[in-house]
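Text of start.cif (mmCIF, C-alpha atoms) as supplied:
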```cif
data_run
loop_
_atom_site.label_atom_id
_atom_site.label_comp_id
_atom_site.auth_asym_id
_atom_site.auth_seq_id
_atom_site.Cartn_x
_atom_site.Cartn_y
_atom_site.Cartn_z
CA MET S 29 33.25 25.12 -25.35
CA PHE S 30 32.88 21.70 -23.74
CA VAL S 31 36.60 21.49 -22.96
CA PHE S 32 36.58 25.02 -21.52
CA ARG S 33 33.63 24.27 -19.25
CA SER S 34 35.20 21.00 -18.11
CA ILE S 35 38.46 22.77 -17.20
CA LEU S 36 36.49 25.48 -15.39
CA LEU S 37 34.63 22.80 -13.44
CA LEU S 38 37.85 21.09 -12.33
CA LEU S 39 39.36 24.43 -11.23
CA THR S 40 36.20 25.21 -9.27
CA LEU S 41 36.29 21.79 -7.64
CA LEU S 42 39.86 22.40 -6.53
CA ALA S 43 39.03 25.89 -5.26
CA GLY S 44 36.03 24.56 -3.35
CA THR S 45 38.16 21.89 -1.71
CA VAL S 46 40.92 24.30 -0.68
CA ALA S 47 38.73 27.23 0.39
CA ALA S 48 35.68 25.48 1.82
CA GLU S 49 36.25 27.10 5.24
CA SER S 50 36.24 30.67 3.86
CA ASN S 51 32.83 30.76 2.15
CA PRO S 52 30.59 33.84 2.63
CA PRO S 53 28.15 33.32 5.53
CA ASN S 54 25.12 32.99 3.22
CA LEU S 55 26.78 30.53 0.85
CA GLY S 56 27.85 26.91 1.13
CA VAL S 57 30.27 25.46 -1.42
CA TYR S 58 30.67 21.69 -1.59
CA SER S 59 32.67 19.53 -3.97
CA ALA S 60 33.62 15.90 -4.43
CA LEU S 61 35.58 13.55 -6.69
CA ARG S 62 34.41 10.00 -7.34
CA LEU S 63 35.81 6.90 -9.03
CA ALA S 64 33.20 4.28 -9.94
CA SER S 65 33.59 0.88 -11.59
CA ASP S 66 30.69 1.79 -13.93
CA TYR S 67 28.56 4.88 -14.60
CA ARG S 68 24.90 3.90 -14.51
CA PHE S 69 22.17 6.35 -15.61
CA ASN S 70 18.59 5.23 -15.00
CA GLY S 71 19.84 1.67 -14.70
CA ALA S 72 21.88 1.53 -17.94
CA SER S 73 25.64 1.94 -18.32
CA ASN S 74 26.86 5.24 -19.77
CA SER S 75 30.49 4.11 -19.70
CA ASP S 76 30.25 0.82 -21.64
CA GLY S 77 30.75 -1.07 -18.38
CA LYS S 78 34.12 0.61 -17.77
CA PRO S 79 35.28 2.69 -14.77
CA ALA S 80 34.27 6.36 -14.73
CA LEU S 81 35.87 9.40 -13.09
CA GLN S 82 33.31 11.92 -11.82
CA GLY S 83 33.24 15.20 -9.94
CA TYR S 84 30.91 17.99 -8.93
CA VAL S 85 30.68 21.37 -7.26
CA HIS S 86 27.45 22.42 -5.52
CA VAL S 87 26.67 25.94 -4.26
CA THR S 88 23.80 26.66 -1.87
CA HIS S 89 22.35 29.92 -0.54
CA SER S 90 20.59 30.37 2.79
CA SER S 91 17.42 31.38 0.88
CA GLY S 92 17.13 27.84 -0.53
CA TRP S 93 18.44 28.57 -4.04
CA TYR S 94 21.24 26.33 -5.31
CA SER S 95 23.23 25.60 -8.46
CA GLY S 96 26.06 23.38 -9.52
CA ALA S 97 27.97 21.43 -12.12
CA TRP S 98 28.59 17.69 -12.41
CA ALA S 99 31.00 15.97 -14.84
CA SER S 100 31.77 12.38 -15.76
CA SER S 101 33.69 10.37 -18.26
CA VAL S 102 31.41 8.38 -20.60
CA ASP S 103 31.73 5.77 -23.35
CA PHE S 104 28.80 5.14 -25.71
CA ASN S 105 30.89 2.98 -28.06
CA ASP S 106 29.86 5.39 -30.84
CA PRO S 107 31.62 6.61 -34.01
CA GLU S 108 31.84 10.13 -32.52
CA LYS S 109 33.96 8.71 -29.64
CA THR S 110 31.98 10.59 -27.02
CA ARG S 111 34.04 10.65 -23.83
CA GLY S 112 32.67 13.40 -21.57
CA GLU S 113 29.47 14.65 -19.97
CA LEU S 114 28.88 17.98 -18.21
CA ASP S 115 25.62 18.75 -16.40
CA LEU S 116 24.71 22.26 -15.24
CA TYR S 117 21.75 22.69 -12.92
CA ALA S 118 19.91 25.19 -10.72
CA GLY S 119 16.92 24.98 -8.43
CA ARG S 120 15.37 25.81 -5.10
CA SER S 121 14.63 23.73 -2.03
CA PHE S 122 11.94 24.31 0.59
CA LEU S 123 12.01 22.85 4.11
CA ARG S 124 8.84 22.19 6.11
CA ASP S 125 9.56 20.41 9.39
CA ALA S 126 10.82 16.95 8.37
CA MET S 127 9.94 17.46 4.69
CA GLU S 128 12.12 18.86 1.92
CA TYR S 129 10.77 19.89 -1.50
CA ARG S 130 12.93 20.73 -4.53
CA ALA S 131 12.32 22.03 -8.05
CA GLU S 132 15.24 21.91 -10.48
CA ALA S 133 16.24 22.45 -14.11
CA MET S 134 19.30 20.77 -15.64
CA HIS S 135 21.11 20.79 -18.99
CA LEU S 136 23.13 17.70 -19.89
CA SER S 137 25.80 18.19 -22.57
CA PHE S 138 28.26 15.81 -24.24
CA ASP S 139 31.42 16.20 -26.34
CA GLU S 140 30.49 14.34 -29.52
CA HIS S 141 31.20 17.41 -31.76
CA VAL S 142 28.89 16.53 -34.65
CA PRO S 143 26.43 18.68 -36.63
CA GLY S 144 22.70 18.14 -36.35
CA PRO S 145 21.03 16.29 -33.44
CA THR S 146 23.20 15.56 -30.41
CA TYR S 147 23.05 13.71 -27.11
CA ASP S 148 22.40 17.04 -25.32
CA PHE S 149 19.06 17.59 -23.62
CA TRP S 150 17.19 19.54 -20.93
CA GLN S 151 15.25 18.08 -18.04
CA GLY S 152 13.09 19.37 -15.20
CA LYS S 153 12.72 17.66 -11.83
CA VAL S 154 10.51 17.90 -8.74
CA VAL S 155 11.36 16.07 -5.51
CA ALA S 156 9.71 15.44 -2.14
CA ARG S 157 11.85 13.92 0.65
CA ARG S 158 10.94 13.01 4.24
CA TYR S 159 13.67 12.73 6.88
CA ILE S 160 13.41 10.23 9.72
CA ASN S 161 16.42 10.64 12.06
CA THR S 162 19.44 9.51 9.99
CA SER S 163 17.18 7.98 7.30
CA TRP S 164 15.02 9.40 4.52
CA ILE S 165 12.61 8.40 1.76
CA GLU S 166 12.19 10.36 -1.49
CA ALA S 167 9.82 10.46 -4.46
CA SER S 168 10.73 12.33 -7.65
CA LEU S 169 9.46 13.02 -11.15
CA THR S 170 11.81 13.99 -13.98
CA HIS S 171 10.65 15.12 -17.42
CA THR S 172 12.61 15.64 -20.64
CA PRO S 173 10.59 17.41 -23.37
CA ARG S 174 12.95 16.23 -26.12
CA GLY S 175 15.34 13.34 -25.63
CA PRO S 176 18.85 12.85 -27.10
CA TYR S 177 19.20 12.82 -30.88
CA ALA S 178 15.79 14.51 -31.36
CA GLY S 179 14.08 11.74 -29.42
CA GLY S 180 10.60 12.11 -28.05
CA ALA S 181 9.48 13.11 -24.59
CA GLN S 182 10.79 11.03 -21.67
CA SER S 183 9.81 10.88 -18.00
CA GLN S 184 11.24 9.11 -14.96
CA VAL S 185 9.31 8.26 -11.79
CA ARG S 186 11.60 7.24 -8.92
CA LEU S 187 11.35 6.14 -5.31
CA GLU S 188 14.59 6.26 -3.31
CA ALA S 189 15.43 5.57 0.32
CA GLN S 190 18.35 5.59 2.71
CA TYR S 191 18.47 3.81 6.06
CA GLY S 192 21.19 4.78 8.51
CA PHE S 193 22.51 1.97 10.69
CA SER S 194 24.87 4.52 12.28
CA GLN S 195 26.48 7.86 11.47
CA THR S 196 28.91 6.14 9.09
CA LEU S 197 27.06 3.09 7.69
CA ARG S 198 23.84 3.15 5.65
CA ALA S 199 21.81 1.12 3.19
CA THR S 200 20.43 2.64 -0.02
CA GLY S 201 17.63 1.60 -2.35
CA LEU S 202 16.13 2.79 -5.62
CA LEU S 203 13.16 1.80 -7.77
CA GLY S 204 12.47 3.67 -11.00
CA TYR S 205 10.26 3.54 -14.06
CA GLY S 206 11.09 5.30 -17.32
CA LEU S 207 8.40 6.24 -19.82
CA ASN S 208 9.73 6.86 -23.33
CA ARG S 209 7.70 7.95 -26.34
CA GLU S 210 10.21 6.60 -28.91
CA ARG S 211 11.61 3.56 -27.05
CA PRO S 212 10.37 0.76 -24.76
CA ASP S 213 9.57 1.74 -21.19
CA ARG S 214 12.00 0.57 -18.52
CA PHE S 215 11.88 -0.63 -14.91
CA TYR S 216 15.17 -0.32 -13.02
CA GLY S 217 16.36 -0.62 -9.45
CA ALA S 218 19.34 -0.70 -7.12
CA ILE S 219 20.26 -1.69 -3.58
CA GLY S 220 23.53 -1.00 -1.84
CA LEU S 221 25.67 -0.09 1.17
CA GLU S 222 27.79 3.00 1.90
CA LEU S 223 30.51 3.40 4.52
CA ASP S 224 32.14 6.70 5.54
CA TRP S 225 35.75 6.91 6.70
CA ARG S 226 37.15 10.37 7.32
CA LYS S 227 36.55 12.27 4.04
CA LEU S 228 36.00 9.10 1.99
CA THR S 229 32.83 7.15 1.23
CA PHE S 230 33.05 3.57 -0.04
CA GLY S 231 30.00 2.28 -1.86
CA ALA S 232 28.77 -1.01 -3.34
CA GLN S 233 25.52 -1.34 -5.31
CA TRP S 234 23.69 -4.01 -7.21
CA LEU S 235 21.76 -2.55 -10.17
CA GLY S 236 19.46 -4.02 -12.77
CA THR S 237 16.81 -3.27 -15.40
CA ASP S 238 14.12 -5.27 -17.17
CA GLN S 239 15.41 -4.42 -20.67
CA SER S 240 16.89 -7.03 -22.97
CA ARG S 241 20.09 -6.61 -24.98
CA ASP S 242 18.05 -5.85 -28.13
CA GLU S 243 16.18 -3.09 -26.26
CA CYS S 244 19.52 -1.66 -25.08
CA PHE S 245 21.04 -0.80 -28.50
CA GLY S 246 22.38 -4.35 -28.88
CA GLU S 247 24.83 -3.77 -25.99
CA ASN S 248 25.07 -5.31 -22.52
CA TRP S 249 24.56 -1.89 -20.84
CA CYS S 250 21.25 -2.90 -19.22
CA GLU S 251 22.40 -6.19 -17.71
CA PRO S 252 22.35 -6.45 -13.88
CA GLY S 253 25.64 -6.06 -12.07
CA PHE S 254 27.58 -4.68 -9.13
CA VAL S 255 29.09 -1.19 -9.07
CA GLY S 256 31.78 -0.18 -6.59
CA SER S 257 32.84 3.39 -5.89
CA VAL S 258 35.01 5.59 -3.69
CA THR S 259 34.21 9.29 -3.16
CA LEU S 260 36.46 12.04 -1.74
CA TRP S 261 34.49 14.90 -0.13
CA SER S 262 35.68 18.47 0.44
CA TRP S 263 34.06 18.72 3.87
#
```
Mind turning this structure into structure tokens?
Amino acid sequence: MFVFRSILLLLTLLAGTVAAESNPPNLGVYSALRLASDYRFNGASNSDGKPALQGYVHVTHSSGWYSGAWASSVDFNDPEKTRGELDLYAGRSFLRDAMEYRAEAMHLSFDEHVPGPTYDFWQGKVVARRYINTSWIEASLTHTPRGPYAGGAQSQVRLEAQYGFSQTLRATGLLGYGLNRERPDRFYGAIGLELDWRKLTFGAQWLGTDQSRDECFGENWCEPGFVGSVTLWSW
């Protein structure tokens, strides 16, 4: 099932890139492919510090409803040799002047193929974003009722911002705090730059957390470091 959904996602990404100009008037279809030097999730590496190939397709309706799929290569250095992640999500956005509000549900699935508890989990998210010209600031709350491998409840509180120097150059920032019932809480943050050129975006970020190696499964996944990326957009 995971392989089938991943293939379907890649076909949809290709279709969205080729046919982006022929969407129905009430629908918008957007897709992108991204190569990153590391895949960081809430500050920690999900690719064992190795490069990750990622892609997504996002569909919006004029009513504010949206849905999509996002995929990435992963490496947890685990006996199951988990190598892929596929996230399916749906939600609705509301615009009020310079404010945008979103409510979203997402299911994150992985390809470990083992009986019993898995990495898979559900999460809900609410977001409030304020736009200021080419810049914005956003606050969000994410909650997971049951974490991976039958873990306890987890929540993430995040503050993100983007400052546009021009139409093609911007600075980004992130500060987050993770509350975990079964594991130590975590502060994490990032700061970076993004540059657009035609249909490409080049990014560089510095990321870090306050967790030690022992608190990060004995791995170096939580150590601070730089992440570079290049993204190809369909529009």
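Pairwise distance (CA of Glu113 in chain S, CA of Phe138 in chain S) equals 4.6 Å.
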Write out as a PyMOL selection string which residues come within 6 Å of range 155-158 of chain S when counting all atoms listed in the file, dropping same-chain ones fewer than 5 positions away.
chain S and resi 126-130+164-168
Residues around (17.8, 8.4, -28.7), cut-off 9 Å, counting only C-alpha atoms - what are they as number ranges by chain?
S: 147, 175-180, 210-211
Could you work out how far CA of Phe149 in chain S lies from CA of Asp213 in chain S, giving the answer in Å with one decimal?
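Rounded to one decimal, the two atoms are 18.6 Å apart.
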Would you compute the distance between CA of Leu235 in chain S and CA of Ile219 in chain S? Give it in Å to one decimal.
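These two atoms are separated by 6.8 Å.
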Within 8 Å of range 104-108 of chain S, which residues of range 68-96 of chain S come that close, and what is the closest atom pair and distance in Å for each? Count all atoms listed in the file and give it as JSON lines.
```
{"residue": "S:Asn74", "atom": "CA", "partner": "S:Phe104", "partner_atom": "CA", "distance": 6.2}
{"residue": "S:Ser75", "atom": "CA", "partner": "S:Phe104", "partner_atom": "CA", "distance": 6.3}
{"residue": "S:Asp76", "atom": "CA", "partner": "S:Phe104", "partner_atom": "CA", "distance": 6.1}
```
